[in-house]
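Trainee: The following block contains the structure, expressed as structure tokens.
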Amino acid sequence: MNELNSLYDLIGGETKLRALVDRFYDIMDSSPEARDIRAYHAKSLSQSREKLFMFLSGWSGGPSLYIEKYGHPRLRQRHMPFSIGMRERDQWLWCMNKALDESGFLPSVVDHLRKRFAEVADFMRNKTDGEHNV
Ligand code: HEM
């Protein structure tokens, strides 16, 4: 993808990406459906908002803000402290899909993002299904 047709540009750049991330965390923060993964996060979600925005900027073909500040994301490794199975994956995707539904992005862009987020979220699983995190 070149700079003219990156996902980042199709979304509408920094402002729209920040709005998506903010909506995602607002939904997580206010929905009982996401209570398990909300509990993994700090009381204030401001750092999470900033980090996810920075990561998604580079991930979608925009400025590599996360890598410039923190180095290689090693996302799976960074999620190891949190027990993530199908339930947690689905809670994360539920919030993101809801935020995407409200985003106003082109339907083809929403569809593409849904699929890519589903892949990344599934890759983050580190707990065998049915296993309990006691
Ligand atoms: C599958 C379910 C997921 C759960 C339960 C989860 C949970 C968490 C938690 C608890 C944190 C630490 C708090 C924070 O620093 O924000 C975190 C960090 C982060 N997550 Fe996730 N996450 C999930 C999936 C994803 C996905 C799919 C992405 C990317 C598309 C992502 C991107 C990030 C990033 C960039 C960070 C910051 C890493 C750092 O620098 O420490 N997460 N996540």
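Note on naming: chains are A, B, ... as they come in the structure tokens, residues start from 1 per chain, ligands start from 1 in the order shown.
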Using only C-alpha atoms and all ligand atoms, find each residue in chain A having at least one atom no more than 6 Å away from ligand 1; report its shortest atom-to-atom pair and that distance in Å (one decimal), rows by chain then rising number, as a Markdown table.

Mentor:
| residue | atom | partner | partner_atom_place_in_ligand_line | distance |
| --- | --- | --- | --- | --- |
| A:Ile37 | CA | ligand 1 | 5 (C) | 4.9 |
| A:Tyr40 | CA | ligand 1 | 10 (C) | 4.5 |
| A:His41 | CA | ligand 1 | 10 (C) | 4.6 |
| A:Ser48 | CA | ligand 1 | 16 (O) | 3.3 |
| A:Lys51 | CA | ligand 1 | 37 (C) | 5.1 |
| A:Leu52 | CA | ligand 1 | 35 (C) | 4.4 |
| A:Phe55 | CA | ligand 1 | 35 (C) | 5.0 |
| A:Arg78 | CA | ligand 1 | 38 (C) | 5.9 |
| A:His79 | CA | ligand 1 | 43 (N) | 5.9 |
| A:Ile84 | CA | ligand 1 | 5 (C) | 5.6 |
| A:Glu88 | CA | ligand 1 | 5 (C) | 5.1 |
| A:Arg89 | CA | ligand 1 | 1 (C) | 3.7 |
| A:Trp92 | CA | ligand 1 | 2 (C) | 4.9 |
| A:Phe117 | CA | ligand 1 | 27 (C) | 5.6 |
| A:Val120 | CA | ligand 1 | 27 (C) | 4.7 |
| A:Ala121 | CA | ligand 1 | 27 (C) | 3.7 |
| A:Met124 | CA | ligand 1 | 1 (C) | 5.2 |

Trainee: Please, could you write that set of residues out with C-alpha atoms as a PDB file, in the first residue's frame?

Mentor:
ATOM      1  CA  ILE A  37     -11.186  -7.522  30.099  1.00  0.00           C
ATOM      2  CA  TYR A  40      -7.349  -6.297  33.388  1.00  0.00           C
ATOM      3  CA  HIS A  41      -6.823  -2.588  32.736  1.00  0.00           C
ATOM      4  CA  SER A  48      -4.230   2.371  27.056  1.00  0.00           C
ATOM      5  CA  LYS A  51      -0.781   3.182  23.277  1.00  0.00           C
ATOM      6  CA  LEU A  52      -3.488   1.560  21.181  1.00  0.00           C
ATOM      7  CA  PHE A  55       0.116   1.142  17.664  1.00  0.00           C
ATOM      8  CA  ARG A  78       3.163  -8.005  26.013  1.00  0.00           C
ATOM      9  CA  HIS A  79      -0.212  -9.643  26.553  1.00  0.00           C
ATOM     10  CA  ILE A  84      -6.669 -14.429  27.267  1.00  0.00           C
ATOM     11  CA  GLU A  88     -11.574 -12.398  26.505  1.00  0.00           C
ATOM     12  CA  ARG A  89     -10.862 -12.349  22.763  1.00  0.00           C
ATOM     13  CA  TRP A  92     -12.307  -7.310  22.965  1.00  0.00           C
ATOM     14  CA  PHE A 117      -8.782  -7.248  14.185  1.00  0.00           C
ATOM     15  CA  VAL A 120      -4.839 -10.192  15.729  1.00  0.00           C
ATOM     16  CA  ALA A 121      -7.171 -10.765  18.667  1.00  0.00           C
ATOM     17  CA  MET A 124      -3.364 -12.956  21.379  1.00  0.00           C
TER      18      MET A 124
END

Trainee: Give me the residues near segment 98-110 of chain A as an NGL selection string, where near means some atom within 12 Å (using only C-alpha atoms) and where sequence neighbours in that chain fewer than 6 positions away do not count.

Mentor: :A and (5-13 or 15-28 or 31 or 33-34 or 60 or 90-92 or 116-117)

Trainee: Only N, CA and C atoms, please: the residues just picked out, written as a short mmCIF file (atom, residue, chain, number, x, y, z; two decimals), in the first residue's frame.

Mentor:
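Just written: part-v1.cif:
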data_model
loop_
_atom_site.label_atom_id
_atom_site.label_comp_id
_atom_site.auth_asym_id
_atom_site.auth_seq_id
_atom_site.Cartn_x
_atom_site.Cartn_y
_atom_site.Cartn_z
N ASN A 5 -3.33 5.22 -0.43
CA ASN A 5 -4.44 4.31 -0.18
C ASN A 5 -4.23 3.45 1.05
N SER A 6 -3.40 3.94 1.99
CA SER A 6 -3.22 3.14 3.20
C SER A 6 -4.55 3.12 3.96
N LEU A 7 -4.68 2.10 4.79
CA LEU A 7 -5.87 1.99 5.63
C LEU A 7 -6.01 3.25 6.49
N TYR A 8 -4.86 3.73 6.94
CA TYR A 8 -4.82 4.95 7.78
C TYR A 8 -5.52 6.10 7.07
N ASP A 9 -5.23 6.28 5.78
CA ASP A 9 -5.86 7.37 5.04
C ASP A 9 -7.33 7.08 4.76
N LEU A 10 -7.64 5.83 4.48
CA LEU A 10 -9.04 5.47 4.21
C LEU A 10 -9.92 5.72 5.44
N ILE A 11 -9.33 5.49 6.61
CA ILE A 11 -10.05 5.73 7.87
C ILE A 11 -10.28 7.23 8.06
N GLY A 12 -9.33 8.02 7.61
CA GLY A 12 -9.44 9.47 7.79
C GLY A 12 -8.35 10.03 8.70
N GLY A 13 -7.24 9.26 8.82
CA GLY A 13 -6.07 9.76 9.54
C GLY A 13 -6.22 9.82 11.05
N THR A 15 -7.24 11.93 13.42
CA THR A 15 -8.45 12.32 14.17
C THR A 15 -9.44 11.17 14.26
N LYS A 16 -9.66 10.51 13.12
CA LYS A 16 -10.65 9.42 13.08
C LYS A 16 -10.15 8.20 13.83
N LEU A 17 -8.85 7.95 13.73
CA LEU A 17 -8.29 6.80 14.44
C LEU A 17 -8.38 7.01 15.95
N ARG A 18 -8.07 8.21 16.39
CA ARG A 18 -8.20 8.52 17.82
C ARG A 18 -9.65 8.36 18.28
N ALA A 19 -10.57 8.81 17.42
CA ALA A 19 -12.00 8.71 17.77
C ALA A 19 -12.41 7.24 17.90
N LEU A 20 -11.89 6.39 17.00
CA LEU A 20 -12.22 4.96 17.07
C LEU A 20 -11.71 4.35 18.38
N VAL A 21 -10.45 4.66 18.70
CA VAL A 21 -9.84 4.11 19.92
C VAL A 21 -10.58 4.62 21.16
N ASP A 22 -10.93 5.89 21.17
CA ASP A 22 -11.66 6.44 22.31
C ASP A 22 -13.02 5.76 22.48
N ARG A 23 -13.70 5.57 21.37
CA ARG A 23 -15.02 4.91 21.43
C ARG A 23 -14.86 3.47 21.93
N PHE A 24 -13.82 2.80 21.41
CA PHE A 24 -13.55 1.41 21.82
C PHE A 24 -13.40 1.32 23.35
N TYR A 25 -12.58 2.22 23.91
CA TYR A 25 -12.37 2.15 25.36
C TYR A 25 -13.58 2.65 26.16
N ASP A 26 -14.33 3.61 25.58
CA ASP A 26 -15.56 4.05 26.26
C ASP A 26 -16.54 2.89 26.36
N ILE A 27 -16.63 2.12 25.27
CA ILE A 27 -17.54 0.97 25.25
C ILE A 27 -17.06 -0.07 26.27
N MET A 28 -15.74 -0.35 26.25
CA MET A 28 -15.21 -1.33 27.21
C MET A 28 -15.48 -0.87 28.65
N SER A 31 -19.54 -1.23 29.51
CA SER A 31 -20.37 -2.38 29.13
C SER A 31 -20.10 -3.59 30.00
N GLU A 33 -20.80 -6.41 29.26
CA GLU A 33 -20.37 -7.46 28.32
C GLU A 33 -18.84 -7.57 28.26
N ALA A 34 -18.14 -6.51 28.68
CA ALA A 34 -16.67 -6.51 28.57
C ALA A 34 -16.01 -6.46 29.94
N SER A 60 -1.87 0.49 10.59
CA SER A 60 -2.77 0.79 9.48
C SER A 60 -2.05 1.53 8.35
N ASP A 90 -13.26 -12.53 22.55
CA ASP A 90 -14.57 -12.12 22.05
C ASP A 90 -15.06 -10.82 22.70
N GLN A 91 -14.70 -10.61 23.93
CA GLN A 91 -15.08 -9.34 24.59
C GLN A 91 -14.36 -8.17 23.92
N TRP A 92 -13.08 -8.37 23.63
CA TRP A 92 -12.31 -7.31 22.96
C TRP A 92 -12.93 -7.01 21.60
N ARG A 116 -9.24 -8.08 10.06
CA ARG A 116 -7.86 -7.97 10.56
C ARG A 116 -7.81 -7.94 12.08
N PHE A 117 -8.76 -7.26 12.71
CA PHE A 117 -8.78 -7.25 14.19
C PHE A 117 -9.07 -8.65 14.72
#

Trainee: Which parts of chain A does DSSP call alpha helix (DSSP H) when run on the backbone here, written out as JSON, numbers by chain?

Mentor: {"A": [7, 8, 9, 10, 11, 13, 14, 15, 16, 17, 18, 19, 20, 21, 22, 23, 24, 25, 26, 27, 28, 29, 30, 35, 36, 37, 38, 46, 47, 48, 49, 50, 51, 52, 53, 54, 55, 56, 57, 58, 59, 65, 66, 67, 68, 69, 70, 75, 76, 77, 78, 86, 87, 88, 89, 90, 91, 92, 93, 94, 95, 96, 97, 98, 99, 100, 101, 107, 108, 109, 110, 111, 112, 113, 114, 115, 116, 117, 118, 119, 120, 121, 122, 123]}

Trainee: Please indicate the distance in Å from atom CA of Phe53 of chain A to atom CA of Phe123 of chain A, rounded to one decimal place.

Mentor: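 Straight-line distance from atom CA of Phe53 of chain A to atom CA of Phe123 of chain A works out to 19.2 Å.
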
Trainee: Suppose you want the space between atom CA of Ser57 of chain A and atom CA of Glu14 of chain A; what is it in Å?

Mentor: 7.4 Å

Trainee: Hey, can you check how far atom CA of Trp94 of chain A sits from atom CA of Arg35 of chain A?

Mentor: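 Pair atom CA of Trp94 of chain A / atom CA of Arg35 of chain A returns 11.7 Å.
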
Trainee: Rank A:Gly58, A:Leu65, A:Asn126, A:Asp29 by their smallest atom-to-atom distance to Met80 of chain A, using only C-alpha atoms, and report the top residue only.

Mentor: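 With only C-alpha atoms as the atom set, the closest residue is A:Asn126.
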